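Here is the structure we will look at.
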Amino acid sequence: MKKSPLQRIRSEYQPKLPKALQGPVKLKVGDPTQSVADQEEIKSLFPNTYGMPVVEFERDEAPERVEEPFNVGIILSGGQAPGGHNVVSGIFDGIKSLNKESRLYGFLMGPAGFINHQYMELTAGYIKEYRNTGGFDIIGSGRTKLEHPDQFDAGLKVLEELDIKALVIIGGDDSNTNAAVLAEYYKNKGVDVKVIGVPKTIDGDLKNKWIETSFGFDTACKVYSEVIGNIQRDCNSAKKYYHFIKLMGRSASHIALECALQTQPNYCIISEEVQAKRMTLDNIVNALCYMITERAKNGWNFGTVLVPEGLIEFIPSMKALIQELNDVLVDKAGDLEGKEELDKLEAIHSFLTPTNAALFKSLPKDIALQLCLDRDSHGNVQVSLIETESLISRMVGERLEQLALEGEYVGKFATQHHFFGYEGRCADPTNFDADYCYALGYNAAMLINSGLTGYMSSVRNLTAPSEEWIAGGIPITMMMNMERRNGKMKPVIQKALVNLNGRPYLKFASMRDTLMLNTLYQYPGPIQYFGPSEICDRPSMTLLLEHDKEI
Ligand code: FBP
């Protein structure tokens, strides 16, 4: 395939490794760990992998050892995130640095390839084409949920056939939870296969003290912020539209918050705040109408509003409706099958309890239908398919008409809608993500060689230059708690939502009133791959603020 000039030059970029990984390593073992909550239950579910220590790598100044060759399999799981290809090249270079005879296999199209024995060997020549590029197209990704013993046993057959000693699962919180379950299963069975997880998701919600950020968040937010900045210039030039911009992030609002910090829009909704303040859709609409009427007094009939993708599930009344809908759609599937749209809505309405039925009826038909679409493999509503930005702007429009009739608003309200999500998931990784991912992959190879299983690759101290990053591993069980999923209590990695006492949110909240009533847009411009380090290597504002740095 012919490459663009940028692709050609970028493929030569050599990601920077932390000092500890720049030669032979030795393992520093910490104290035993505990899960973040529900210790007794998690311990009983993971008797073989619970309580393992945090580990850290140090440079081993001893003469180089010759390690035994070992084969590794990898799975790319879930949504794409920039940098996945560098995780793969990091693992490849890591295992080859230990023994040139080691081999790397990629399972095709996510966990399904593992279960159905579809794979390919990843050779030096093949991987070369993908270094520093975005996307997961090197082997493809998928959302099959890896959770049943028969799937684990089916996968084990192919691992044995290929003499694979370790499986690396590159995924988000659900996929890494499954990695821990698989590690426990194989250990319990006495099978010598290690399972290591790598923290991936543009959503940025797989993070804690040891995982400072998930990979892909940095690049995706920079792509969205570039286009939001461009829209803001357009908006401020024509001065005739309100732009409602929905931003990906299934659940947490980290992406919306980071983009707000980078671009300074007039308004940004933070789902976690909506939930904490028990706000209704009406409250959100009223707040927006206040801003719009105030700006109109200065003749400003334009502005930008960021809407996090997961908002709908954080509005308490909508959350209750969605929870009941989840049950109705399963329990009454037979009654609903084959019904035309309007009849289906009527039937669903009749199955709901009165409060939820009233809310359901008040929604525009298209939004009600979107709420009833098929759930994903984890039982979640597919929020990327719900046009929350258009729901809110329509409601705002209706309220403004009322206010105009009452003489409270004099202005014009014309809207544009955007949804940024897929645009950023496969962008070429920033230097930060390119380096971080390569280090996560290389580090995963060292964890495997140290005989560890049920660990997540952890690279931290990420606001320092990459040479000073700390590489090691944390037991996945340490991040777990019990949560209700599909009606049952399950051990899962705790999702990190926006912390309303954290510096990123507080920084944004401190600017909010000023941003609403002025026009102080920031234009971050495109990702820079070449140039001064302070521009090219700069991490996200969220990460800087969380680590007490200034932005
Ligand atoms: P992961 O958590 O698997 O990384 O995916 C996150 C995400 O990009 C969400 O932001 C979005 O809601 C969802 O994937 C979209 O899923 P799909 O790619 O299946 O449409």
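Each chain of the structure tokens is named A, B, ... in the order shown, its residues numbered from 1; ligands are numbered from 1 in display order.
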Segment 221-432 of chain A: which residues are helix (DSSP H, G or I) by DSSP, as a PyMOL selection string?
-> chain A and resi 221-238+254-263+271-276+281-297+311-314+316-331+333-336+341-351+354-362+365-371+383-385+388-405+422-425+431-432
Ser35 of chain A surroundings by only C-alpha atoms, 6 Å radius, close-in-sequence under 6 positions cut, as a JSON list (two decimals) with all heavy atoms, in the first residue's frame:
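Below is the file that was written, part.json:
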[["chain", "number", "residue", "atom", "x", "y", "z"],
["A", 477, "THR", "N", -6.66, -7.88, 40.29],
["A", 477, "THR", "CA", -7.65, -8.02, 41.37],
["A", 477, "THR", "C", -7.63, -6.81, 42.31],
["A", 477, "THR", "O", -8.63, -6.50, 42.94],
["A", 477, "THR", "CB", -7.38, -9.28, 42.21],
["A", 477, "THR", "OG1", -6.02, -9.26, 42.62],
["A", 477, "THR", "CG2", -7.67, -10.54, 41.43],
["A", 478, "MET", "N", -6.48, -6.13, 42.36],
["A", 478, "MET", "CA", -6.35, -4.98, 43.26],
["A", 478, "MET", "C", -7.31, -3.83, 42.88],
["A", 478, "MET", "O", -7.68, -3.02, 43.72],
["A", 478, "MET", "CB", -4.91, -4.50, 43.14],
["A", 478, "MET", "CG", -4.49, -3.43, 44.05],
["A", 478, "MET", "SD", -2.78, -3.03, 43.62],
["A", 478, "MET", "CE", -2.60, -1.57, 44.59],
["A", 479, "MET", "N", -7.71, -3.79, 41.60],
["A", 479, "MET", "CA", -8.56, -2.68, 41.13],
["A", 479, "MET", "C", -10.04, -3.03, 41.17],
["A", 479, "MET", "O", -10.87, -2.27, 40.71],
["A", 479, "MET", "CB", -8.19, -2.36, 39.67],
["A", 479, "MET", "CG", -6.80, -1.85, 39.49],
["A", 479, "MET", "SD", -6.42, -1.63, 37.75],
["A", 479, "MET", "CE", -5.62, -3.16, 37.39],
["A", 480, "MET", "N", -10.34, -4.23, 41.73],
["A", 480, "MET", "CA", -11.72, -4.72, 41.59],
["A", 480, "MET", "C", -12.63, -4.41, 42.77],
["A", 480, "MET", "O", -12.17, -4.24, 43.89],
["A", 480, "MET", "CB", -11.69, -6.23, 41.42],
["A", 480, "MET", "CG", -11.19, -6.63, 40.07],
["A", 480, "MET", "SD", -11.29, -8.41, 39.94],
["A", 480, "MET", "CE", -11.23, -8.58, 38.19]]
What are the closest atom pairs, with distances in Å to one decimal, for all residues of chain A lying within 7 Å of ligand 1? Consider only C-alpha atoms and all ligand atoms, order rows by chain and residue number, and present the result as a tab-separated table.
residue	atom	partner	partner_atom_place_in_ligand_line	distance
A:Ser77	CA	ligand 1	3 (O)	6.8
A:Gly78	CA	ligand 1	3 (O)	3.6
A:Gly79	CA	ligand 1	3 (O)	3.7
A:Gln80	CA	ligand 1	4 (O)	6.1
A:Ala81	CA	ligand 1	4 (O)	6.5
A:Gly171	CA	ligand 1	3 (O)	6.5
A:Gly172	CA	ligand 1	2 (O)	5.0
A:Lys200	CA	ligand 1	4 (O)	6.1
A:Thr201	CA	ligand 1	4 (O)	3.6
A:Ile202	CA	ligand 1	4 (O)	5.8
A:Asp203	CA	ligand 1	10 (O)	5.4
A:Met248	CA	ligand 1	10 (O)	4.5
A:Gly249	CA	ligand 1	10 (O)	3.7
A:Arg250	CA	ligand 1	12 (O)	3.8
A:Gln382	CA	ligand 1	12 (O)	6.4
A:Val383	CA	ligand 1	12 (O)	5.7
A:Ser384	CA	ligand 1	12 (O)	4.9
A:Gly421	CA	ligand 1	8 (O)	6.7
Given the choices A:Leu325, A:Leu363, A:Leu182, A:Leu543, which gets closest to Ala347 of chain A if the distance is worked out from only C-alpha atoms?
-> A:Leu325
Please run DSSP on the backbone and report, as a ChimeraX atom specification, all residues within segment 322-544 of chain A that come out as strand (DSSP E or B).
-> /A:415-420,455-460,470-475,480-485,488-493
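Proximity to Asp150 of chain A at 12 Å, evaluated using only C-alpha atoms and with sequence-adjacent residues fewer than 3 positions away removed, yields Ile115, Asn116, Leu146, Glu147, Asp153, Ala154, Gly155, Leu156, Lys157, Leu182 and Tyr185 of chain A.
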Those same residues, written as a PDB file, in the first residue's frame with N, CA, C and O atoms?
ATOM      1  N   ILE A 115     -11.134 -17.624  20.566  1.00  0.00           N
ATOM      2  CA  ILE A 115     -12.064 -18.734  20.796  1.00  0.00           C
ATOM      3  C   ILE A 115     -12.166 -19.625  19.546  1.00  0.00           C
ATOM      4  O   ILE A 115     -12.224 -20.842  19.634  1.00  0.00           O
ATOM      5  N   ASN A 116     -12.173 -18.958  18.381  1.00  0.00           N
ATOM      6  CA  ASN A 116     -12.382 -19.714  17.123  1.00  0.00           C
ATOM      7  C   ASN A 116     -11.086 -20.065  16.398  1.00  0.00           C
ATOM      8  O   ASN A 116     -11.116 -20.455  15.231  1.00  0.00           O
ATOM      9  N   LEU A 146     -15.312 -12.407  26.721  1.00  0.00           N
ATOM     10  CA  LEU A 146     -14.592 -13.630  27.050  1.00  0.00           C
ATOM     11  C   LEU A 146     -14.884 -13.934  28.514  1.00  0.00           C
ATOM     12  O   LEU A 146     -14.251 -13.387  29.412  1.00  0.00           O
ATOM     13  N   GLU A 147     -15.880 -14.801  28.774  1.00  0.00           N
ATOM     14  CA  GLU A 147     -16.256 -14.958  30.181  1.00  0.00           C
ATOM     15  C   GLU A 147     -16.601 -16.380  30.601  1.00  0.00           C
ATOM     16  O   GLU A 147     -16.744 -16.658  31.782  1.00  0.00           O
ATOM     17  N   ASP A 153     -11.431 -22.804  27.584  1.00  0.00           N
ATOM     18  CA  ASP A 153     -10.878 -24.102  27.180  1.00  0.00           C
ATOM     19  C   ASP A 153     -10.647 -24.153  25.671  1.00  0.00           C
ATOM     20  O   ASP A 153      -9.644 -24.696  25.208  1.00  0.00           O
ATOM     21  N   ALA A 154     -11.588 -23.564  24.912  1.00  0.00           N
ATOM     22  CA  ALA A 154     -11.409 -23.533  23.454  1.00  0.00           C
ATOM     23  C   ALA A 154     -10.127 -22.765  23.124  1.00  0.00           C
ATOM     24  O   ALA A 154      -9.332 -23.183  22.273  1.00  0.00           O
ATOM     25  N   GLY A 155      -9.920 -21.636  23.812  1.00  0.00           N
ATOM     26  CA  GLY A 155      -8.709 -20.830  23.582  1.00  0.00           C
ATOM     27  C   GLY A 155      -7.449 -21.584  23.977  1.00  0.00           C
ATOM     28  O   GLY A 155      -6.417 -21.493  23.301  1.00  0.00           O
ATOM     29  N   LEU A 156      -7.562 -22.348  25.045  1.00  0.00           N
ATOM     30  CA  LEU A 156      -6.382 -23.076  25.538  1.00  0.00           C
ATOM     31  C   LEU A 156      -5.845 -24.037  24.479  1.00  0.00           C
ATOM     32  O   LEU A 156      -4.627 -24.210  24.326  1.00  0.00           O
ATOM     33  N   LYS A 157      -6.766 -24.617  23.716  1.00  0.00           N
ATOM     34  CA  LYS A 157      -6.342 -25.571  22.668  1.00  0.00           C
ATOM     35  C   LYS A 157      -5.394 -24.890  21.690  1.00  0.00           C
ATOM     36  O   LYS A 157      -4.348 -25.435  21.345  1.00  0.00           O
ATOM     37  N   LEU A 182      -9.565 -15.033  33.444  1.00  0.00           N
ATOM     38  CA  LEU A 182      -8.852 -16.046  32.655  1.00  0.00           C
ATOM     39  C   LEU A 182      -7.560 -16.477  33.361  1.00  0.00           C
ATOM     40  O   LEU A 182      -7.236 -17.669  33.422  1.00  0.00           O
ATOM     41  N   TYR A 185      -8.446 -18.727  36.116  1.00  0.00           N
ATOM     42  CA  TYR A 185      -8.922 -20.016  35.606  1.00  0.00           C
ATOM     43  C   TYR A 185      -7.736 -20.912  35.224  1.00  0.00           C
ATOM     44  O   TYR A 185      -7.677 -22.074  35.599  1.00  0.00           O
TER      45      TYR A 185
END
Non-local contacts of Phe530 of chain A (10 Å; only C-alpha atoms; under 4 positions in same chain excluded) as a ChimeraX atom specification = /A:10,13,431,535-537
Closest of A:Thr355, A:Asp335, A:Trp469, A:Ser458 to Pro199 of chain A - atom-to-atom distances counting only C-alpha atoms | A:Ser458
Selection near Val36 of chain A, 12 Å with only C-alpha atoms, sequence-local residues under 2 positions removed, as an MDAnalysis selection string | chainID A and resid 33:34 38:43 50:51 208:209 475:482 491:495
Close residues, Leu247 of chain A itself excluded, 9 Å, only C-alpha atoms, min 6 positions apart in chain, as a short mmCIF file (atom, residue, chain, number, x, y, z; two decimals) with all heavy atoms, in the first residue's frame:
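Generated output (result-v1.cif):
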data_model
loop_
_atom_site.label_atom_id
_atom_site.label_comp_id
_atom_site.auth_asym_id
_atom_site.auth_seq_id
_atom_site.Cartn_x
_atom_site.Cartn_y
_atom_site.Cartn_z
N TYR A 224 -10.13 15.76 18.91
CA TYR A 224 -11.43 16.43 19.11
C TYR A 224 -11.21 17.93 19.40
O TYR A 224 -11.95 18.77 18.92
CB TYR A 224 -12.22 15.80 20.26
CG TYR A 224 -12.42 14.31 20.15
CD1 TYR A 224 -12.39 13.49 21.27
CD2 TYR A 224 -12.62 13.71 18.91
CE1 TYR A 224 -12.56 12.11 21.17
CE2 TYR A 224 -12.78 12.33 18.80
CZ TYR A 224 -12.74 11.54 19.94
OH TYR A 224 -12.89 10.18 19.83
N SER A 253 -17.13 11.50 31.90
CA SER A 253 -17.02 12.72 31.07
C SER A 253 -15.58 13.20 30.92
O SER A 253 -15.36 14.39 30.65
CB SER A 253 -17.83 13.86 31.69
OG SER A 253 -19.12 13.46 31.99
N ILE A 255 -13.42 12.88 28.60
CA ILE A 255 -13.08 13.45 27.28
C ILE A 255 -13.67 14.85 27.16
O ILE A 255 -12.98 15.80 26.76
CB ILE A 255 -13.59 12.54 26.14
CG1 ILE A 255 -12.83 11.20 26.15
CG2 ILE A 255 -13.45 13.22 24.79
CD1 ILE A 255 -13.24 10.22 25.06
N ALA A 256 -14.95 15.00 27.53
CA ALA A 256 -15.58 16.32 27.44
C ALA A 256 -14.82 17.33 28.30
O ALA A 256 -14.55 18.46 27.87
CB ALA A 256 -17.04 16.23 27.87
N CYS A 259 -11.45 18.26 26.74
CA CYS A 259 -11.65 19.13 25.57
C CYS A 259 -12.08 20.53 26.02
O CYS A 259 -11.70 21.53 25.40
CB CYS A 259 -12.69 18.54 24.62
SG CYS A 259 -12.11 17.04 23.82
N LEU A 306 -20.52 21.65 24.83
CA LEU A 306 -20.02 20.27 24.78
C LEU A 306 -20.93 19.37 25.60
O LEU A 306 -21.30 19.71 26.73
CB LEU A 306 -18.59 20.17 25.33
CG LEU A 306 -17.53 21.10 24.70
CD1 LEU A 306 -16.13 20.69 25.19
CD2 LEU A 306 -17.57 21.09 23.18
N VAL A 307 -21.28 18.23 25.01
CA VAL A 307 -22.21 17.29 25.65
C VAL A 307 -21.52 15.92 25.75
O VAL A 307 -21.19 15.34 24.72
CB VAL A 307 -23.50 17.15 24.82
CG1 VAL A 307 -24.49 16.20 25.50
CG2 VAL A 307 -24.14 18.49 24.54
N PRO A 308 -21.29 15.40 26.95
CA PRO A 308 -20.66 14.08 27.02
C PRO A 308 -21.62 12.98 26.58
O PRO A 308 -22.82 13.02 26.90
CB PRO A 308 -20.31 13.92 28.51
CG PRO A 308 -21.19 14.89 29.22
CD PRO A 308 -21.58 15.98 28.27
N GLU A 309 -21.08 12.04 25.87
CA GLU A 309 -21.88 10.97 25.26
C GLU A 309 -22.72 10.20 26.29
O GLU A 309 -23.86 9.81 26.04
CB GLU A 309 -20.92 10.00 24.58
CG GLU A 309 -21.55 8.84 23.86
CD GLU A 309 -20.51 7.85 23.38
OE1 GLU A 309 -19.71 7.34 24.20
OE2 GLU A 309 -20.48 7.57 22.19
N GLY A 310 -22.16 10.00 27.48
CA GLY A 310 -22.84 9.15 28.47
C GLY A 310 -23.89 9.89 29.29
O GLY A 310 -24.52 9.29 30.17
N SER A 384 -23.53 5.84 22.04
CA SER A 384 -23.04 6.55 20.85
C SER A 384 -24.17 6.68 19.81
O SER A 384 -24.09 7.52 18.92
CB SER A 384 -21.83 5.84 20.24
OG SER A 384 -22.15 4.53 19.85
N HIS A 418 -22.96 18.15 16.13
CA HIS A 418 -21.78 17.36 15.76
C HIS A 418 -21.64 16.23 16.77
O HIS A 418 -22.03 16.36 17.93
CB HIS A 418 -20.49 18.19 15.83
CG HIS A 418 -20.62 19.55 15.22
ND1 HIS A 418 -20.26 19.82 13.92
CD2 HIS A 418 -21.07 20.73 15.73
CE1 HIS A 418 -20.49 21.11 13.67
NE2 HIS A 418 -20.98 21.68 14.76
N PHE A 419 -21.03 15.17 16.31
CA PHE A 419 -20.67 14.08 17.23
C PHE A 419 -19.24 13.67 16.89
O PHE A 419 -18.97 13.22 15.78
CB PHE A 419 -21.63 12.89 17.05
CG PHE A 419 -21.19 11.64 17.76
CD1 PHE A 419 -20.52 11.70 18.98
CD2 PHE A 419 -21.43 10.39 17.22
CE1 PHE A 419 -20.10 10.54 19.64
CE2 PHE A 419 -21.03 9.22 17.87
CZ PHE A 419 -20.36 9.31 19.08
N PHE A 420 -18.34 13.85 17.84
CA PHE A 420 -16.95 13.45 17.62
C PHE A 420 -16.62 12.24 18.48
O PHE A 420 -16.73 12.30 19.70
CB PHE A 420 -15.98 14.58 17.96
CG PHE A 420 -16.19 15.80 17.10
CD1 PHE A 420 -16.14 17.08 17.65
CD2 PHE A 420 -16.44 15.67 15.74
CE1 PHE A 420 -16.34 18.20 16.85
CE2 PHE A 420 -16.65 16.78 14.94
CZ PHE A 420 -16.61 18.04 15.50
N GLY A 421 -16.28 11.18 17.84
CA GLY A 421 -15.93 9.95 18.55
C GLY A 421 -15.03 9.12 17.67
O GLY A 421 -13.83 9.03 17.87
#
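Put simply, atom CA of Lys26 of chain A is 13.1 Å away from atom CA of Ala445 of chain A.
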Skipping near chain neighbours, those fewer than 2 positions away, what residues fall within 6 Å of Glu56 of chain A using only C-alpha atoms, listed as number ranges by chain?
-> A: 27-28, 471-472
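Closest approach to Val29 of chain A among A:Ser393, A:Asn236, A:Asn86, A:Ser450 is made by A:Ser450 (distances from only C-alpha atoms).
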